[in-house]
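The structure under discussion appears below in the form of structure tokens.
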2 protein chains.
Amino acid sequence: MFLVVMAGGSGTRFWPKSTSKRPKQLLSFGRDPSSLLAQTVSRFEGLISPNRRMIITTQMLKEPVRGQGLNAEILAEPQGRNTAPCIYWAAKTIFAQDPHGIMLVMPADHHILFPKKFIVVVEEAVKWAIQNDHLVTLGIRPSRPETGYGYLEMGETLDPVGARKVKKFVEKPNLAKANEFVQSGNYLWNGGMFLWKASEILKAFDLCMPEMTRAWNQANGKIEDAYPQMTATSVDYGIMEKAENVITFPIDCGWDDLGSWTSLETMADALDTRKGENVLNQGDLLSIDSFRNIVDAPHRLVSLLGVDDLIVVEQGECLLVAHKNRAQDIRQVVEEMKKKRPDLV
Amino acid sequence: MFLVVMAGGSGTRFWPKSTSKRPKQLLSFGRDPSSLLAQTVSRFEGLISPNRRMIITTQMLKEPVRGQGLNAEILAEPQGRNTAPCIYWAAKTIFAQDPHGIMLVMPADHHILFPKKFIVVVEEAVKWAIQNDHLVTLGIRPSRPETGYGYLEMGETLDPVGARKVKKFVEKPNLAKANEFVQSGNYLWNGGMFLWKASEILKAFDLCMPEMTRAWNQANGKIEDAYPQMTATSVDYGIMEKAENVITFPIDCGWDDLGSWTSLETMADALDTRKGENVLNQGDLLSIDSFRNIVDAPHRLVSLLGVDDLIVVEQGECLLVAHKNRAQDIRQVVEEMKKKRPDLV
């Protein structure tokens, strides 16, 4: 089995903690001081040998990723083009090394509270990928009616351990739909984590996105030339929603995609929440009459007095104070900052 | 004329910008980078010669005050005992140098937006102090129904330039009373700024607080011995409310006692308020959908997103985020901090 960690993200929603040169996957959250990327790689210690691990990132992040000192090969995309080209490249690379290779595709910037529960399911899923040539997308049993995630509708049960046909991929729902989904028990969060034979996903590419292999062949496998010709789309949209042999395994492992600062509230189990009703990621906190705030300020002592529902983040020269219901709008701040102080984003 | 600047204050309401070793009078607010103390001294440049200026402070602040490099004598009180002992000591010191000396007593930590208007009134007041042996308390024409200040009720008009008898000293009023005071036009804010002959105030001490001279004489003028025996009270309460010859001059000079962070809103003229509807003292500010906040964070770029009515202050290791209506409760934070990190208060 090969591990493919997709670490090209350049998210801005954790600014100022995250910046273009220090994106989310290179940050640490909660008690574990290692980065989300390092946690993702080490999660498969013992399951996947170091010479079968690859981290795919961007040119800009190549050095910071190397700086993490992880025992894995680092591939740098010529440019970011969503997940389909990245996965195609990884599949080609693996197939060249081992035509029977299985690949597990993991985003580098998710949080998994119970990695052992996750591994158990992965090991089940591997059997299906090997024996039945299925494309597996790992689904997360939803714990709340989250409107920020896409969902998988489960179909036919394939075995008692958990394998289910995927009936449909569903875009981010509104709250009413999300409530329905959770109550029905038939929907999973689409976590963007995949497992398949390299040969099978390449077969699916040839079926659903034949332009990828054309670009690859025209460039004689030279990635710098092939990449600009490849379709910049997600593997979900390009392949998974179209392929016939897609199955899923429901997982219940305390997963969170850490989509914004408010995610820290749902992963509060992993954080030091002894500070009362505020979530403190890094730094120290003194709170008086202050509730439901999210604080991250390494090396700082933050005092809150009579304030609620704030995001308070300090990093280097930058201090952000935002209302929690504006967590998604931090990108607006980043856009302004790009004009004012591009060195700080 | 002698200048007596009272610089012993140890206010905590500007924490974390102010600390016990760096109290308000040593800080700067607004565009002028010099400290409130330095501004207080330099306000009388040309009016009072350097060898007739004295700054009275505490033992703890002696060195920081000296560090300001001001052209004035520095006296350190053996201990803080409110204003009456401090003024008694200053009067004795001045009287010894010049039995006809006039003394102008100024708190070191007030803000005066229009110092020239202030000086003009002081010069008028000096005439009254010299010619009529009056005790002058300089009053501020109120610009709003402030409940945080004491008031002076004006009596008989003594001259067309502005001298008025003081009818009564009034404690901090409630809002209804304060409104009445402002509308009547007969009340002034008690600014704690005084002008008199040293000989006259000593006469008043002997009349109203004879224990002060007793303590002084018993200690043979040795201040370390005299101070602990002196009554720790304000000169307002000990003398001014009782003396007969008290007059005032209404001043309209953009005065503010800077009692808390919210004072910065009323002195916003002196601040850089181009930043929209927030008040920025130090630092840089990027504001999106954020209003009426007060920010002070030297060397930081503060981003506000969707937040209103906050006080955001950073100093060294400390970051404070407080609701504006809790400005008076910052002392609670300081109390907690004394237990947790006494080095930071």
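Simple scheme: letters A, B, ... for chains in structure tokens order, numbers from 1 for residues in each chain, numbers from 1 for ligands in the order shown.
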Taking only C-alpha atoms into account and nothing else, which residues of chain B lie no more than 8 Å away from chain A? Please answer as a ChimeraX atom specification. /B:286,288,299-307,317-323,326,330,333
Those same residues, written as a CSV table (one decimal), in the first residue's frame with C-alpha atoms?
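Output contents, as saved in selection.csv:
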```
chain,number,residue,atom,x,y,z
B,286,LEU,CA,-7.6,47.3,9.5
B,288,ILE,CA,-14.1,45.5,8.4
B,299,HIS,CA,4.0,47.6,16.6
B,300,ARG,CA,1.0,45.5,15.8
B,301,LEU,CA,-1.4,45.4,12.9
B,302,VAL,CA,-4.8,44.8,14.4
B,303,SER,CA,-7.6,43.5,12.2
B,304,LEU,CA,-11.2,43.8,13.4
B,305,LEU,CA,-13.9,41.8,11.7
B,306,GLY,CA,-17.6,42.3,12.6
B,307,VAL,CA,-16.9,43.5,16.2
B,317,GLU,CA,3.2,39.6,26.6
B,318,CYS,CA,-0.3,40.8,27.4
B,319,LEU,CA,-3.3,41.1,25.2
B,320,LEU,CA,-6.6,42.4,26.6
B,321,VAL,CA,-9.9,42.2,24.9
B,322,ALA,CA,-12.7,43.8,27.0
B,323,HIS,CA,-16.2,45.0,26.3
B,326,ARG,CA,-16.5,46.9,31.4
B,330,ILE,CA,-10.1,46.2,34.2
B,333,VAL,CA,-8.3,41.6,35.6
```
For this session: Could you give me, as a PyMOL selection string, each residue of range 28-75 of chain B that DSSP assigns to alpha helix (DSSP H) when run on this structure's backbone?
Result: chain B and resi 36-42+62-66
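Between CA of Gly185 in chain A and CA of Tyr149 in chain A lies a distance of 15.9 Å.
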- Task: Quote the spacing between CA of Asn293 in chain B and CA of Gly30 in chain B in Å to one decimal place.
- Result: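 About the pair CA of Asn293 in chain B and CA of Gly30 in chain B: they are 15.4 Å apart.
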_as a ChimeraX atom specification, please: every residue in range 87-192 of chain A that DSSP puts in strand (DSSP E or B)._
/A:102-107,111-112,135-140,151-157,164-170,187-192
In Å and to one decimal, CA of Leu104 in chain B is distant from CA of Leu138 in chain B by 10.1 Å
For Pro99 in chain A, the closest of A:Met1, A:Ala198, A:Val41, A:Cys86 counting only C-alpha atoms is A:Ala198
Using only C-alpha atoms, find the one residue out of B:Glu123, B:Glu244, B:Asp206, B:Glu153 that sits nearest to Ser184 in chain B.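 Ranking B:Glu123, B:Glu244, B:Asp206, B:Glu153 by distance to Ser184 in chain B, first place goes to B:Glu153.
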### Message
Which residues are near Leu258 in chain A? Cut-off 9 Å, only C-alpha atoms, ignore same chain within fewer than 4 positions. Put them as a ChimeraX atom specification.
### Response
/A:24,109-111,262-264,267
Could you list, as a PyMOL selection string, every residue within 7 Å of Asn281 in chain A, counting only C-alpha atoms and ignoring same-chain residues fewer than 3 positions away? chain A and resi 29-30+271+295-296
Close residues, Phe194 in chain A itself excluded, 10 Å, only C-alpha atoms, min 5 positions apart in chain, as a ChimeraX atom specification: /A:4,103-107,122,125,135-139,235-236,240,248
May I have the selected residues written with N, CA, C and O atoms, as a short mmCIF file (atom, residue, chain, number, x, y, z; two decimals), in the first residue's frame?
```cif
data_model
loop_
_atom_site.label_atom_id
_atom_site.label_comp_id
_atom_site.auth_asym_id
_atom_site.auth_seq_id
_atom_site.Cartn_x
_atom_site.Cartn_y
_atom_site.Cartn_z
N VAL A 4 -0.66 8.55 -0.20
CA VAL A 4 -0.56 9.81 -0.94
C VAL A 4 -1.20 10.91 -0.09
O VAL A 4 -2.41 10.90 0.12
N MET A 103 -3.41 2.56 -3.43
CA MET A 103 -3.08 3.89 -2.90
C MET A 103 -4.18 4.42 -1.98
O MET A 103 -5.37 4.34 -2.27
N LEU A 104 -3.72 4.92 -0.85
CA LEU A 104 -4.60 5.58 0.11
C LEU A 104 -4.34 7.08 -0.01
O LEU A 104 -3.22 7.53 0.16
N VAL A 105 -5.39 7.82 -0.35
CA VAL A 105 -5.25 9.26 -0.57
C VAL A 105 -5.82 10.02 0.63
O VAL A 105 -7.00 9.85 0.97
N MET A 106 -4.97 10.81 1.24
CA MET A 106 -5.39 11.54 2.44
C MET A 106 -5.10 13.04 2.31
O MET A 106 -3.98 13.42 2.01
N PRO A 107 -6.08 13.89 2.58
CA PRO A 107 -5.76 15.32 2.72
C PRO A 107 -4.85 15.53 3.94
O PRO A 107 -4.96 14.79 4.93
N VAL A 122 -9.76 1.43 7.54
CA VAL A 122 -8.90 1.42 6.35
C VAL A 122 -8.49 -0.01 6.01
O VAL A 122 -8.51 -0.43 4.85
N ALA A 125 -11.21 -1.74 4.33
CA ALA A 125 -11.43 -1.19 2.99
C ALA A 125 -10.39 -1.70 2.00
O ALA A 125 -10.70 -1.94 0.83
N LEU A 135 -13.53 1.39 -6.12
CA LEU A 135 -13.01 2.69 -5.71
C LEU A 135 -13.67 3.04 -4.39
O LEU A 135 -14.90 3.16 -4.33
N VAL A 136 -12.87 3.16 -3.35
CA VAL A 136 -13.43 3.42 -2.03
C VAL A 136 -13.28 4.90 -1.67
O VAL A 136 -12.19 5.46 -1.79
N THR A 137 -14.39 5.50 -1.27
CA THR A 137 -14.30 6.83 -0.65
C THR A 137 -14.71 6.66 0.81
O THR A 137 -15.77 6.10 1.10
N LEU A 138 -13.85 7.08 1.70
CA LEU A 138 -14.13 6.85 3.12
C LEU A 138 -15.11 7.93 3.59
O LEU A 138 -14.87 9.13 3.42
N GLY A 139 -16.21 7.49 4.18
CA GLY A 139 -17.25 8.44 4.62
C GLY A 139 -17.24 8.56 6.12
O GLY A 139 -16.88 7.64 6.84
N VAL A 235 -11.41 15.27 -7.93
CA VAL A 235 -11.58 13.86 -8.28
C VAL A 235 -13.02 13.42 -7.97
O VAL A 235 -13.56 12.54 -8.64
N ASP A 236 -13.64 14.07 -7.01
CA ASP A 236 -15.05 13.77 -6.73
C ASP A 236 -15.91 14.04 -7.95
O ASP A 236 -16.67 13.19 -8.41
N MET A 240 -15.47 10.30 -9.24
CA MET A 240 -16.26 9.54 -8.28
C MET A 240 -17.76 9.62 -8.55
O MET A 240 -18.50 8.64 -8.36
N THR A 248 -18.29 2.86 -0.17
CA THR A 248 -17.82 3.64 0.98
C THR A 248 -17.82 2.79 2.24
O THR A 248 -18.45 1.72 2.29
#
```
- Compile the contact shell of Pro250 in chain B as a list in words: residues with an atom at most 9 Å away, counting only C-alpha atoms, same-chain residues fewer than 5 positions apart removed. Val121, Leu138, Gly139, Ile140, Arg141, Gly162, Ala163, Arg164, Leu188 and Trp189 of chain B
Keeping only C-alpha atoms, write the selected residues to a file as a PDB file, in the first residue's frame.
```pdb
ATOM      1  CA  VAL B 121      -6.622  81.418  32.214  1.00  0.00           C
ATOM      2  CA  LEU B 138      -9.263  75.633  38.153  1.00  0.00           C
ATOM      3  CA  GLY B 139     -12.641  74.367  36.935  1.00  0.00           C
ATOM      4  CA  ILE B 140     -13.480  72.860  33.599  1.00  0.00           C
ATOM      5  CA  ARG B 141     -16.545  73.979  31.678  1.00  0.00           C
ATOM      6  CA  GLY B 162     -13.945  84.753  34.839  1.00  0.00           C
ATOM      7  CA  ALA B 163     -13.158  84.649  38.553  1.00  0.00           C
ATOM      8  CA  ARG B 164     -16.055  83.110  40.479  1.00  0.00           C
ATOM      9  CA  LEU B 188     -17.706  73.110  36.526  1.00  0.00           C
ATOM     10  CA  TRP B 189     -15.777  69.849  36.583  1.00  0.00           C
TER      11      TRP B 189
END
```
